[in-house]
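File shown: model33.txt. Contents: compact mmCIF, C-alpha atoms.
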```txt
# COMPACT_ATOMS: atom_id res chain seq x y z
CA MET Q 1 -13.92 -26.53 31.27
CA SER Q 2 -11.65 -23.47 31.22
CA GLN Q 3 -12.34 -20.48 28.98
CA ILE Q 4 -9.31 -21.32 26.83
CA ALA Q 5 -10.55 -24.88 26.37
CA VAL Q 6 -14.00 -23.59 25.42
CA LEU Q 7 -12.45 -21.28 22.83
CA LEU Q 8 -10.31 -24.09 21.41
CA ASP Q 9 -12.93 -26.86 21.40
CA GLN Q 10 -16.33 -25.12 21.38
CA PRO Q 11 -15.53 -21.64 20.06
CA LYS Q 12 -19.14 -20.70 19.23
CA LYS Q 13 -20.01 -20.90 22.93
CA HIS Q 14 -17.28 -18.50 24.02
CA TRP Q 15 -18.40 -14.97 24.91
CA ALA Q 16 -15.33 -13.36 23.27
CA ARG Q 17 -16.06 -15.02 19.95
CA LYS Q 18 -19.67 -13.86 20.10
CA VAL Q 19 -18.52 -10.29 20.68
CA LEU Q 20 -15.94 -10.48 17.89
CA PHE Q 21 -18.56 -11.90 15.56
CA GLN Q 22 -20.73 -8.80 16.04
CA VAL Q 23 -17.71 -6.49 15.64
CA HIS Q 24 -16.63 -8.31 12.47
CA LEU Q 25 -20.16 -8.30 11.09
CA TRP Q 26 -21.03 -4.65 11.59
CA LEU Q 27 -17.66 -3.26 10.57
CA GLY Q 28 -17.97 -5.34 7.41
CA VAL Q 29 -21.57 -4.31 6.71
CA VAL Q 30 -21.02 -0.60 7.36
CA LEU Q 31 -17.49 -0.15 5.98
CA GLY Q 32 -17.04 -3.16 3.70
CA ALA Q 33 -17.65 -1.29 0.46
CA PHE Q 34 -15.20 1.49 1.37
CA ILE Q 35 -12.56 -1.00 2.52
CA ALA Q 36 -12.99 -2.93 -0.74
CA VAL Q 37 -12.47 0.25 -2.79
CA VAL Q 38 -9.24 1.04 -0.96
CA CYS Q 39 -7.90 -2.52 -1.14
CA VAL Q 40 -8.85 -3.27 -4.75
CA SER Q 41 -7.42 0.06 -5.92
CA GLY Q 42 -4.32 -0.77 -3.85
CA GLY Q 43 -4.00 -4.05 -5.69
CA ILE Q 44 -4.11 -2.15 -8.98
CA VAL Q 45 -1.48 0.44 -8.01
CA VAL Q 46 1.02 -2.19 -6.85
CA PHE Q 47 2.22 -2.27 -10.48
CA ARG Q 48 1.68 1.46 -11.02
CA VAL Q 49 5.36 2.14 -11.86
CA GLU Q 50 5.44 -0.52 -14.55
CA MET Q 51 1.99 0.40 -15.92
CA ASN Q 52 2.88 4.08 -16.01
CA ARG Q 53 5.88 3.27 -18.19
CA LEU Q 54 3.79 1.13 -20.52
CA THR Q 55 1.17 3.88 -20.94
CA THR Q 56 3.62 6.74 -21.46
CA PRO Q 57 3.01 8.65 -24.71
CA GLY Q 58 6.03 7.89 -26.84
CA THR Q 59 8.10 5.37 -24.91
CA ALA Q 60 9.73 5.01 -21.50
CA TYR Q 61 12.18 2.42 -22.81
CA VAL Q 62 15.55 2.50 -24.53
CA VAL Q 63 15.71 0.58 -27.79
CA ALA Q 64 19.44 -0.10 -27.86
CA PRO Q 65 21.40 0.42 -24.61
CA ALA Q 66 24.99 1.51 -25.11
CA ALA Q 67 28.11 0.80 -23.08
CA HIS Q 68 28.26 4.26 -21.50
CA ARG Q 69 25.61 6.82 -20.66
CA LEU Q 70 25.70 10.59 -21.11
CA SER Q 71 26.24 12.92 -18.17
CA LEU Q 72 23.31 14.05 -16.04
CA ASP Q 73 23.94 17.61 -17.28
CA GLN Q 74 23.40 16.58 -20.90
CA MET Q 75 20.12 14.87 -20.01
CA VAL Q 76 18.91 17.89 -17.99
CA ALA Q 77 19.66 20.08 -21.01
CA ALA Q 78 17.53 17.81 -23.20
CA VAL Q 79 14.59 18.01 -20.77
CA LEU Q 80 14.73 21.81 -20.44
CA THR Q 81 15.15 22.27 -24.16
CA ASN Q 82 11.97 20.30 -24.70
CA ARG Q 83 10.07 22.00 -21.82
CA PRO Q 84 11.90 25.28 -21.11
CA THR Q 85 9.28 26.69 -18.70
CA ASP Q 86 9.14 23.62 -16.43
CA THR Q 87 10.77 23.35 -13.01
CA LEU Q 88 12.95 20.34 -12.30
CA HIS Q 89 11.89 18.24 -9.30
CA ASN Q 90 13.74 14.93 -9.45
CA VAL Q 91 15.16 12.18 -11.61
CA SER Q 92 14.81 8.42 -11.18
CA MET Q 93 17.26 6.00 -12.76
CA GLU Q 94 16.77 2.80 -10.77
CA ALA Q 95 14.97 0.68 -13.37
CA GLY Q 96 17.93 -0.67 -15.32
CA PRO Q 97 19.83 -0.01 -18.55
CA ASP Q 98 16.86 -0.57 -20.88
CA VAL Q 99 14.56 1.97 -19.17
CA ALA Q 100 14.95 5.67 -19.93
CA TRP Q 101 15.80 8.03 -17.07
CA ASN Q 102 12.64 9.56 -15.65
CA PHE Q 103 12.80 13.31 -15.00
CA ARG Q 104 9.86 14.71 -13.07
CA THR Q 105 9.10 18.38 -13.68
CA ALA Q 106 6.32 20.78 -12.79
CA SER Q 107 4.70 22.79 -15.58
CA LYS Q 108 3.83 26.44 -15.11
CA GLU Q 109 0.21 25.30 -14.68
CA GLY Q 110 1.31 23.08 -11.80
CA HIS Q 111 0.93 19.77 -13.64
CA ARG Q 112 3.15 16.84 -12.74
CA ILE Q 113 5.13 15.96 -15.88
CA HIS Q 114 7.32 12.89 -16.38
CA ASN Q 115 9.98 13.23 -19.07
CA PHE Q 116 11.75 10.07 -20.20
CA VAL Q 117 15.24 10.62 -21.63
CA ASP Q 118 17.40 8.08 -23.47
CA GLN Q 119 20.46 8.19 -21.24
CA TYR Q 120 22.76 7.09 -24.08
CA ARG Q 121 21.66 9.56 -26.75
CA GLY Q 122 20.19 12.49 -24.84
CA VAL Q 123 16.83 12.28 -26.64
CA VAL Q 124 13.46 12.77 -24.94
CA THR Q 125 11.57 9.58 -25.78
CA GLY Q 126 8.29 10.19 -23.93
CA VAL Q 127 6.41 12.87 -21.99
CA ASP Q 128 3.54 12.05 -19.66
CA ASP Q 129 1.21 14.59 -18.00
CA TYR Q 130 -0.11 13.02 -14.79
CA LYS Q 131 -2.87 15.60 -14.41
CA SER Q 132 -5.26 13.53 -16.50
CA LYS Q 133 -3.68 10.09 -16.07
CA PHE Q 134 -6.02 7.30 -14.95
CA LEU Q 135 -3.35 5.55 -12.87
CA GLN Q 136 -2.66 8.76 -10.96
CA TRP Q 137 -6.39 9.05 -10.27
CA MET Q 138 -6.36 5.46 -9.05
CA TRP Q 139 -3.40 6.24 -6.79
CA ASP Q 140 -5.22 9.23 -5.31
CA LEU Q 141 -8.29 7.06 -4.76
CA HIS Q 142 -6.24 4.48 -2.89
CA ALA Q 143 -4.18 6.91 -0.84
CA ASN Q 144 -6.64 9.74 -0.19
CA LEU Q 145 -10.10 8.58 -1.32
CA LEU Q 146 -9.90 11.57 -3.69
CA GLY Q 147 -10.32 13.80 -0.62
CA GLY Q 148 -6.88 15.27 0.08
CA LYS Q 149 -5.78 15.37 3.74
CA THR Q 150 -9.28 14.64 5.00
CA GLY Q 151 -9.52 11.62 2.74
CA ARG Q 152 -6.16 10.34 3.97
CA LEU Q 153 -7.32 10.65 7.58
CA ILE Q 154 -10.48 8.69 6.79
CA ASN Q 155 -8.36 6.15 4.94
CA GLY Q 156 -6.26 5.64 8.04
CA CYS Q 157 -9.38 4.89 10.07
CA LEU Q 158 -10.45 2.39 7.40
CA ALA Q 159 -7.02 0.75 7.61
CA LEU Q 160 -7.42 0.28 11.36
CA ALA Q 161 -10.94 -1.08 10.84
CA THR Q 162 -9.57 -3.52 8.26
CA LEU Q 163 -6.97 -4.66 10.76
CA VAL Q 164 -9.72 -5.40 13.30
CA VAL Q 165 -11.88 -7.17 10.70
CA SER Q 166 -9.03 -9.39 9.51
CA LEU Q 167 -7.91 -10.41 13.00
CA SER Q 168 -11.44 -10.95 14.30
CA GLY Q 169 -12.14 -12.99 11.17
CA LEU Q 170 -9.46 -15.49 12.19
CA VAL Q 171 -11.15 -16.05 15.56
CA ILE Q 172 -14.53 -16.48 13.89
CA TRP Q 173 -13.08 -18.86 11.30
CA TRP Q 174 -11.69 -21.27 13.91
CA PRO Q 175 -14.10 -24.28 13.99
CA GLY Q 176 -12.57 -26.08 16.99
CA ARG Q 177 -9.79 -28.61 17.33
CA LYS Q 178 -11.93 -31.62 16.48
CA GLN Q 179 -13.49 -29.92 13.45
CA TRP Q 180 -10.43 -28.01 12.22
CA ARG Q 181 -10.73 -29.56 8.74
CA ALA Q 182 -14.10 -27.86 8.35
CA GLY Q 183 -12.27 -24.54 8.18
CA PHE Q 184 -10.77 -25.61 4.84
CA THR Q 185 -13.81 -27.34 3.38
CA TYR Q 186 -15.53 -26.07 0.24
CA LEU Q 187 -18.77 -27.87 -0.54
CA PHE Q 188 -18.88 -27.80 -4.34
CA LYS Q 189 -22.19 -29.66 -4.43
CA GLY Q 190 -23.84 -27.33 -1.95
CA GLY Q 191 -26.34 -24.62 -2.80
CA TRP Q 192 -25.17 -21.15 -3.71
CA LYS Q 193 -25.63 -19.89 -0.17
CA ARG Q 194 -23.35 -22.59 1.23
CA GLN Q 195 -20.79 -22.06 -1.51
CA ASN Q 196 -20.86 -18.31 -0.83
CA TYR Q 197 -20.21 -19.02 2.86
CA ASP Q 198 -17.36 -21.43 2.10
CA LEU Q 199 -15.78 -18.96 -0.33
CA HIS Q 200 -15.85 -16.21 2.29
CA LYS Q 201 -14.40 -18.56 4.89
CA ILE Q 202 -11.54 -19.89 2.79
CA VAL Q 203 -10.56 -16.62 1.08
CA GLY Q 204 -10.65 -14.91 4.46
CA PHE Q 205 -8.34 -17.46 6.07
CA TYR Q 206 -5.70 -17.40 3.33
CA SER Q 207 -5.65 -13.61 3.09
CA PHE Q 208 -6.03 -12.52 6.71
CA ALA Q 209 -2.32 -12.41 7.68
CA LEU Q 210 -1.11 -10.33 4.72
CA LEU Q 211 -4.27 -8.20 4.85
CA ALA Q 212 -3.66 -7.40 8.52
CA PHE Q 213 -0.03 -6.59 7.74
CA VAL Q 214 -0.85 -4.30 4.82
CA SER Q 215 -3.60 -2.58 6.85
CA PHE Q 216 -1.18 -1.88 9.69
CA THR Q 217 1.46 -0.42 7.36
CA GLY Q 218 -1.21 1.58 5.53
CA ALA Q 219 -2.36 3.24 8.75
CA TYR Q 220 1.15 4.64 9.14
CA PHE Q 221 0.71 7.00 6.19
CA SER Q 222 -2.35 8.58 7.82
CA PHE Q 223 -0.92 8.78 11.34
CA PRO Q 224 2.88 9.09 10.91
CA ASP Q 225 3.42 11.22 14.03
CA ALA Q 226 1.58 8.74 16.25
CA PHE Q 227 3.57 5.86 14.79
CA GLU Q 228 6.87 7.70 15.31
CA VAL Q 229 6.11 8.42 18.97
CA ALA Q 230 4.87 4.90 19.66
CA VAL Q 231 7.76 3.17 17.90
CA ALA Q 232 10.34 5.41 19.61
CA ARG Q 233 8.90 4.54 23.02
CA LEU Q 234 8.75 0.82 22.28
CA ALA Q 235 12.33 0.84 20.99
CA ARG Q 236 13.43 3.07 23.87
CA VAL Q 237 15.10 5.65 21.66
CA THR Q 238 14.84 9.42 21.86
CA HIS Q 239 13.94 9.82 18.20
CA ALA Q 240 12.62 7.70 15.36
CA GLY Q 241 13.42 9.12 11.96
CA ALA Q 242 10.86 8.83 9.19
CA PRO Q 243 11.01 8.15 5.46
CA ASP Q 244 11.36 11.41 3.58
CA LYS Q 245 10.98 12.68 0.04
CA CYS Q 246 14.74 12.77 -0.38
CA GLY Q 247 15.43 16.51 -0.59
CA GLU Q 248 12.09 18.02 0.28
CA ASP Q 249 12.07 16.82 3.89
CA GLY Q 250 15.82 16.59 4.31
CA PRO Q 251 18.15 18.86 6.30
CA PRO Q 252 18.11 22.52 5.20
CA ALA Q 253 20.79 23.84 2.88
CA LYS Q 254 22.76 27.07 3.37
CA THR Q 255 23.32 27.68 -0.34
CA LEU Q 256 21.10 28.02 -3.40
CA ILE Q 257 20.91 26.02 -6.61
CA LYS Q 258 21.13 29.22 -8.65
CA ASP Q 259 24.69 29.68 -7.30
CA ARG Q 260 25.73 26.19 -8.44
CA THR Q 261 29.45 25.93 -9.25
CA ILE Q 262 29.63 22.22 -10.08
CA PRO Q 263 28.00 20.08 -12.77
CA TYR Q 264 24.90 18.07 -11.85
CA GLU Q 265 26.85 14.88 -12.41
CA GLU Q 266 29.09 15.75 -9.48
CA TYR Q 267 26.16 15.37 -7.07
CA LEU Q 268 25.84 11.70 -8.01
CA THR Q 269 29.59 11.12 -7.81
CA THR Q 270 29.86 12.78 -4.39
CA ALA Q 271 26.93 10.80 -2.98
CA GLU Q 272 28.40 7.49 -4.15
CA ARG Q 273 31.77 8.42 -2.62
CA ALA Q 274 30.00 9.14 0.66
CA MET Q 275 28.50 5.61 0.66
CA PRO Q 276 30.99 3.20 -0.97
CA GLY Q 277 29.38 0.15 -2.52
CA TYR Q 278 26.04 1.91 -3.05
CA LYS Q 279 24.64 3.19 -6.34
CA ALA Q 280 22.73 6.45 -6.84
CA VAL Q 281 19.22 5.65 -8.11
CA PHE Q 282 17.28 8.87 -7.47
CA MET Q 283 18.07 12.55 -7.08
CA SER Q 284 15.97 15.55 -6.13
CA PHE Q 285 16.66 19.02 -7.53
CA PRO Q 286 16.08 21.94 -5.14
CA PHE Q 287 13.02 23.90 -6.24
CA TYR Q 288 12.73 26.27 -3.29
CA ASP Q 289 15.27 28.22 -1.24
CA GLY Q 290 16.80 26.23 1.60
CA MET Q 291 16.15 22.84 0.01
CA SER Q 292 19.15 20.53 -0.20
CA VAL Q 293 20.05 18.19 -3.02
CA GLY Q 294 18.94 14.71 -2.00
CA VAL Q 295 20.38 11.54 -3.50
CA LYS Q 296 18.91 8.13 -2.77
CA LEU Q 297 21.30 5.21 -2.92
CA LYS Q 298 20.66 1.50 -3.23
CA GLY Q 299 22.86 -1.30 -1.97
CA ASN Q 300 22.98 -4.94 -2.94
CA ASN Q 301 19.92 -6.85 -1.75
CA ASP Q 302 18.23 -3.61 -0.66
CA TRP Q 303 14.72 -3.54 0.81
CA HIS Q 304 13.31 -1.03 -1.68
CA ARG Q 305 13.59 -0.35 -5.40
CA VAL Q 306 14.95 3.18 -4.78
CA GLY Q 307 16.92 2.29 -1.67
CA LEU Q 308 16.45 3.42 1.91
CA SER Q 309 19.64 5.45 2.30
CA ASP Q 310 20.10 9.15 1.49
CA VAL Q 311 22.93 11.63 1.08
CA TYR Q 312 22.16 15.36 1.32
CA LEU Q 313 24.30 17.95 -0.43
CA GLU Q 314 24.70 21.70 -0.62
CA PRO Q 315 23.17 22.90 -3.92
CA ALA Q 316 25.92 25.41 -4.74
CA THR Q 317 29.04 23.42 -3.87
CA GLY Q 318 27.99 19.78 -3.57
CA ALA Q 319 29.42 19.61 -0.05
CA VAL Q 320 27.95 16.78 2.02
CA ILE Q 321 25.43 18.00 4.61
CA SER Q 322 24.57 14.61 6.07
CA VAL Q 323 24.53 10.88 5.31
CA ASP Q 324 21.45 8.87 6.31
CA ALA Q 325 22.50 5.24 5.88
CA PHE Q 326 19.82 2.63 6.53
CA SER Q 327 22.42 0.24 7.96
CA GLU Q 328 23.31 2.79 10.64
CA ASN Q 329 19.75 3.80 11.58
CA ASN Q 330 18.35 2.76 14.93
CA ALA Q 331 15.74 -0.02 15.04
CA ALA Q 332 12.83 2.42 15.27
CA THR Q 333 13.93 4.37 12.19
CA LYS Q 334 14.51 1.18 10.21
CA PHE Q 335 11.02 -0.01 11.13
CA LEU Q 336 9.41 3.21 9.89
CA LYS Q 337 11.47 3.33 6.70
CA LEU Q 338 10.26 -0.16 5.84
CA MET Q 339 6.61 0.93 5.92
CA LEU Q 340 6.70 2.01 2.27
CA PRO Q 341 8.14 -1.15 0.64
CA PHE Q 342 6.16 -3.36 3.03
CA HIS Q 343 2.88 -1.63 2.22
CA PHE Q 344 3.27 -1.85 -1.56
CA GLY Q 345 5.09 -5.18 -1.75
CA ARG Q 346 8.21 -3.74 -3.38
CA PHE Q 347 10.69 -5.75 -1.29
CA GLY Q 348 10.76 -9.05 -3.22
CA GLU Q 349 14.33 -8.52 -4.47
CA ARG Q 350 15.40 -8.97 -0.86
CA LEU Q 351 14.53 -12.65 -1.21
CA GLY Q 352 17.61 -13.07 -3.40
CA LEU Q 353 15.64 -14.13 -6.48
CA GLY Q 354 15.98 -10.89 -8.42
CA ALA Q 355 13.03 -9.92 -10.60
CA VAL Q 356 11.31 -13.25 -9.92
CA GLY Q 357 11.14 -12.55 -6.19
CA LEU Q 358 10.11 -8.94 -6.76
CA TYR Q 359 7.17 -9.75 -9.02
CA ALA Q 360 6.11 -12.82 -7.03
CA VAL Q 361 5.58 -10.70 -3.94
CA MET Q 362 3.84 -7.96 -5.93
CA ILE Q 363 1.44 -10.48 -7.50
CA LEU Q 364 0.64 -11.80 -4.02
CA TYR Q 365 -0.24 -8.26 -2.94
CA VAL Q 366 -2.50 -7.84 -5.96
CA LEU Q 367 -4.32 -11.08 -5.12
CA VAL Q 368 -4.89 -9.97 -1.53
CA GLY Q 369 -6.27 -6.63 -2.73
CA LEU Q 370 -8.69 -8.42 -5.03
CA ALA Q 371 -9.55 -10.91 -2.25
CA VAL Q 372 -10.98 -8.07 -0.18
CA GLY Q 373 -13.44 -7.36 -2.97
CA VAL Q 374 -14.49 -11.02 -2.86
CA LEU Q 375 -14.84 -10.90 0.92
CA ALA Q 376 -16.94 -7.74 0.78
CA VAL Q 377 -19.38 -9.22 -1.74
CA THR Q 378 -19.66 -12.64 -0.07
CA GLY Q 379 -19.98 -11.03 3.36
CA LEU Q 380 -22.85 -8.81 2.26
CA LEU Q 381 -24.55 -11.80 0.63
CA MET Q 382 -24.32 -13.72 3.90
CA TYR Q 383 -25.81 -10.77 5.77
CA TRP Q 384 -28.63 -10.66 3.21
CA ASN Q 385 -29.25 -14.41 3.45
CA ARG Q 386 -29.21 -14.61 7.22
CA TYR Q 387 -30.98 -11.44 8.22
CA LEU Q 388 -31.83 -8.68 5.80
CA SER Q 389 -33.82 -10.77 3.30
CA LYS Q 390 -36.03 -12.06 6.10
CA LYS Q 391 -36.64 -8.56 7.36
CA VAL Q 392 -37.51 -7.35 3.86
CA VAL Q 393 -40.04 -10.18 3.54
CA ARG Q 394 -41.64 -9.14 6.82
CA TRP Q 395 -41.80 -5.53 5.64
CA LEU Q 396 -43.38 -6.47 2.34
CA LYS Q 397 -45.80 -9.07 3.72
CA PRO Q 398 -46.73 -8.16 7.28
CA THR Q 399 -49.16 -10.78 8.60
CA ASP Q 400 -50.48 -11.68 11.99
CA GLU Q 401 -48.38 -14.82 11.96
CA THR Q 402 -45.13 -13.00 11.17
CA ARG Q 403 -45.92 -10.41 13.82
CA ARG Q 404 -46.41 -13.14 16.44
CA ILE Q 405 -43.21 -14.86 15.36
CA GLY Q 406 -41.38 -11.56 15.41
CA GLU Q 407 -42.26 -11.01 19.04
CA HIS Q 408 -40.25 -14.10 19.98
CA ARG Q 409 -37.31 -13.62 17.62
CA PRO Q 410 -33.90 -12.35 18.76
CA HIS Q 411 -33.20 -8.64 18.62
CA PRO Q 412 -32.54 -7.60 14.97
CA GLY Q 413 -29.03 -6.48 15.87
CA ALA Q 414 -28.06 -9.91 17.16
CA VAL Q 415 -27.42 -11.71 13.91
CA VAL Q 416 -27.32 -15.47 14.36
CA GLU Q 417 -24.65 -17.50 12.59
CA ASN Q 418 -25.70 -20.05 10.04
CA PRO Q 419 -23.02 -22.37 8.64
CA ARG Q 420 -25.19 -23.00 5.59
CA GLY Q 421 -24.76 -19.38 4.53
```
Any chance you could give the structure as structure tokens?
Amino acid sequence: MSQIAVLLDQPKKHWARKVLFQVHLWLGVVLGAFIAVVCVSGGIVVFRVEMNRLTTPGTAYVVAPAAHRLSLDQMVAAVLTNRPTDTLHNVSMEAGPDVAWNFRTASKEGHRIHNFVDQYRGVVTGVDDYKSKFLQWMWDLHANLLGGKTGRLINGCLALATLVVSLSGLVIWWPGRKQWRAGFTYLFKGGWKRQNYDLHKIVGFYSFALLAFVSFTGAYFSFPDAFEVAVARLARVTHAGAPDKCGEDGPPAKTLIKDRTIPYEEYLTTAERAMPGYKAVFMSFPFYDGMSVGVKLKGNNDWHRVGLSDVYLEPATGAVISVDAFSENNAATKFLKLMLPFHFGRFGERLGLGAVGLYAVMILYVLVGLAVGVLAVTGLLMYWNRYLSKKVVRWLKPTDETRRIGEHRPHPGAVVENPRG
């Protein structure tokens, strides 16, 4: 019998499966809790934008939308009148006519402040300080493990470990061609150990593909340079552009915002003229010398809620510096730009079902994040049932009989599978 036939028909006898079982087991035992924290917190922050609006002091919503909005200059004046010592960073207006425009500013203490302005009446409806916001803490936990750059690096290693665990789990799950139905069987009348095993098996199978995908995209944010080099080589291009922060990482400007000779509204108009058929949904204000004005634009059936195309402008004159249209990017750049919506499940509108498609995909991402918590708990229980509990018993009740038996037992590191959990 060939090795492929053994793997397909008698997988437990194949050496590769035995190796992958040990890899899956020990990565899960050692890192399972940390992976669960990252994934469960990721499931929570999938809806962070919507939850942040709902928890904004005051309101982030417009009570009665009007036919026409005010100019961007009038809204900026309202924000700076309310918080005159703040520095403007950006404004987001992608959420629709019933959601107030969201102006992000930085306080003199360095706090991240979100100011919601009724775009029809020029009134500040809500102000949210993210310094003490629980959802921002949750975001930092998911992205950086609350550890800054070091935490993000560790998080990237956890993402790669999760990728290995999810893919190896599929190999371990496979019961063989003749017993393939056993991979989907849940024995409701079985004991709790068997039910725990079946739960781990079934949840793992239905979540492995999306979990592997999300883990891969998550690793990008920890190792962007490595991804850019690798993707450029695979696509055979000289350069793979990366997603940016709209103005902060855009091309440098030759002029300064303090020398501005045009109204703020003109930036939006110029950007939309530069990309006909697209709508401006986000704009960054220069807050350091040399920073350009960045405008994000969204087309019909776009991949991301704030679009993947950018126009960069001179702060003083509004002259176009460059246009970065997603449709004109090379394959490598498109691939990297998609990492953000793919990682957080914000691409459902692309399905052509509007809000239904958007939220359906986001809910699926939440379920996969929560599934990892289930897998971590059930996996540790299986490890306890199969190995650790027996070792604890031997430690607590060392007898001559258990010592003799122990001499003939497999090495403690070689955990033996038990389909009964």
Atomic distance CA of Val19 in chain Q - CA of Ile172 in chain Q, expressed in Å with one decimal: 10.0 Å
Contacts of range 75-86 of chain Q within 7 Å, only C-alpha atoms, excl. fewer than 5 positions in-chain, as a list in words: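 Answer for this query is Thr105, Ala106, Ser107, Lys108, Asn115, Val117, Gln119, Gly122, Val123 and Val124 of chain Q.
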Non-local contacts of Val361 in chain Q (10 Å; all atoms listed in the file; under 4 positions in same chain excluded) as a list in words: Phe344, Gly345, Arg346, Phe347, Gly348, Glu349, Leu351, Val356, Gly357, Tyr365, Val366 and Leu367 of chain Q
Per-axis box centre and lengths in Å around range 259-265 of chain Q, 4 Å margin per side, axis-aligned, as AutoDock Vina command-line options:
```
--center_x 27.2 --center_y 22.3 --center_z -10.0 --size_x 12.9 --size_y 22.8 --size_z 13.5
```
Close residues, Val164 in chain Q itself excluded, 8 Å, all atoms listed in the file, min 4 positions apart in chain, as a list of chain:residue names: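 Residues near the query, excluding close chain neighbours: Q:His24, Q:Leu160, Q:Ser168, Q:Ala212.
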Range 154-159 of chain Q: which residues within 6 Å, counting only C-alpha atoms, same-chain residues fewer than 2 positions away excluded, as JSON, numbers by chain? {"Q": [151, 152, 161, 162, 215, 219, 222]}
Could you tell me which of Q:Val377, Q:Thr317, Q:Leu353, Q:Lys296 comes closest to Val203 in chain Q if we count only C-alpha atoms? Q:Val377
Show me the residues close to (-10.4, -14.6, 2.9) - anything with an atom within 10 Å, counting only C-alpha atoms - and format the list as a PDB file with C-alpha atoms, in the coordinates of the input.
```
ATOM      1  CA  SER Q 166      -9.030  -9.390   9.510  1.00  0.00           C
ATOM      2  CA  GLY Q 169     -12.140 -12.990  11.170  1.00  0.00           C
ATOM      3  CA  LEU Q 170      -9.460 -15.490  12.190  1.00  0.00           C
ATOM      4  CA  TRP Q 173     -13.080 -18.860  11.300  1.00  0.00           C
ATOM      5  CA  ASP Q 198     -17.360 -21.430   2.100  1.00  0.00           C
ATOM      6  CA  LEU Q 199     -15.780 -18.960  -0.330  1.00  0.00           C
ATOM      7  CA  HIS Q 200     -15.850 -16.210   2.290  1.00  0.00           C
ATOM      8  CA  LYS Q 201     -14.400 -18.560   4.890  1.00  0.00           C
ATOM      9  CA  ILE Q 202     -11.540 -19.890   2.790  1.00  0.00           C
ATOM     10  CA  VAL Q 203     -10.560 -16.620   1.080  1.00  0.00           C
ATOM     11  CA  GLY Q 204     -10.650 -14.910   4.460  1.00  0.00           C
ATOM     12  CA  PHE Q 205      -8.340 -17.460   6.070  1.00  0.00           C
ATOM     13  CA  TYR Q 206      -5.700 -17.400   3.330  1.00  0.00           C
ATOM     14  CA  SER Q 207      -5.650 -13.610   3.090  1.00  0.00           C
ATOM     15  CA  PHE Q 208      -6.030 -12.520   6.710  1.00  0.00           C
ATOM     16  CA  ALA Q 209      -2.320 -12.410   7.680  1.00  0.00           C
ATOM     17  CA  LEU Q 211      -4.270  -8.200   4.850  1.00  0.00           C
ATOM     18  CA  VAL Q 368      -4.890  -9.970  -1.530  1.00  0.00           C
ATOM     19  CA  ALA Q 371      -9.550 -10.910  -2.250  1.00  0.00           C
ATOM     20  CA  VAL Q 372     -10.980  -8.070  -0.180  1.00  0.00           C
ATOM     21  CA  GLY Q 373     -13.440  -7.360  -2.970  1.00  0.00           C
ATOM     22  CA  VAL Q 374     -14.490 -11.020  -2.860  1.00  0.00           C
ATOM     23  CA  LEU Q 375     -14.840 -10.900   0.920  1.00  0.00           C
ATOM     24  CA  ALA Q 376     -16.940  -7.740   0.780  1.00  0.00           C
ATOM     25  CA  THR Q 378     -19.660 -12.640  -0.070  1.00  0.00           C
TER      26      THR Q 378
END
```
Compile the contact shell of range 263-276 of chain Q as an NGL selection string: residues with an atom at most 8 Å away, counting all atoms listed in the file, same-chain residues fewer than 4 positions apart removed. :Q and (71-73 or 280 or 283 or 293 or 295 or 297 or 311-313 or 318 or 320 or 323 or 325)
In Å to one decimal, how far is CA of Glu328 in chain Q from CA of Val237 in chain Q? 14.0 Å
Quick one: pull the distance between CA of Val38 in chain Q and CA of Asp140 in chain Q, Å, one decimal.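 Rounded to one decimal, the two atoms are 10.1 Å apart.
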Using all atoms listed in the file and a cutoff of 12 Å, can you tell me which residues are near (-13.2, -24.6, 22.5) in the file's coordinates, and write them out as a list in words?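 With a cut-off of 12 Å, the residues come to Met1, Ser2, Gln3, Ile4, Ala5, Val6, Leu7, Leu8, Asp9, Gln10, Pro11, Lys12, Lys13, His14, Trp15, Ala16, Arg17, Val171, Ile172, Trp174, Pro175, Gly176, Arg177, Lys178, Gln179 and Trp180 of chain Q.
Minimum distance to Glu228 in chain Q across Q:Thr150, Q:Thr333, Q:Asn301, Q:Ser132 (counting only C-alpha atoms) occurs at Q:Thr333.
Candidate residues Q:Leu163, Q:Val49, Q:Val62, Q:Leu338 were compared for distance to Ser92 in chain Q, and the nearest is Q:Val49, using all atoms listed in the file.
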With distances taken over only C-alpha atoms, which of Q:Asn90, Q:Phe326, Q:Leu187, Q:Lys149 is nearest to Pro286 in chain Q?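 With only C-alpha atoms as the atom set, the closest residue is Q:Asn90.
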Please rebuild range 181-185 of chain Q with N, CA and C atoms and return the result as an mmCIF file, in the frame of the given file.
```cif
data_model
loop_
_atom_site.group_PDB
_atom_site.id
_atom_site.type_symbol
_atom_site.label_atom_id
_atom_site.label_comp_id
_atom_site.auth_asym_id
_atom_site.auth_seq_id
_atom_site.Cartn_x
_atom_site.Cartn_y
_atom_site.Cartn_z
ATOM 1 N N ARG Q 181 -10.688 -29.379 10.193
ATOM 2 C CA ARG Q 181 -10.730 -29.560 8.740
ATOM 3 C C ARG Q 181 -11.891 -28.792 8.107
ATOM 4 N N ALA Q 182 -12.950 -28.575 8.891
ATOM 5 C CA ALA Q 182 -14.100 -27.860 8.350
ATOM 6 C C ALA Q 182 -13.741 -26.435 7.936
ATOM 7 N N GLY Q 183 -12.699 -25.888 8.545
ATOM 8 C CA GLY Q 183 -12.270 -24.540 8.180
ATOM 9 C C GLY Q 183 -11.702 -24.443 6.781
ATOM 10 N N PHE Q 184 -11.348 -25.595 6.185
ATOM 11 C CA PHE Q 184 -10.770 -25.610 4.840
ATOM 12 C C PHE Q 184 -11.671 -26.314 3.828
ATOM 13 N N THR Q 185 -12.897 -26.588 4.236
ATOM 14 C CA THR Q 185 -13.810 -27.340 3.380
ATOM 15 C C THR Q 185 -14.618 -26.418 2.479
#
```
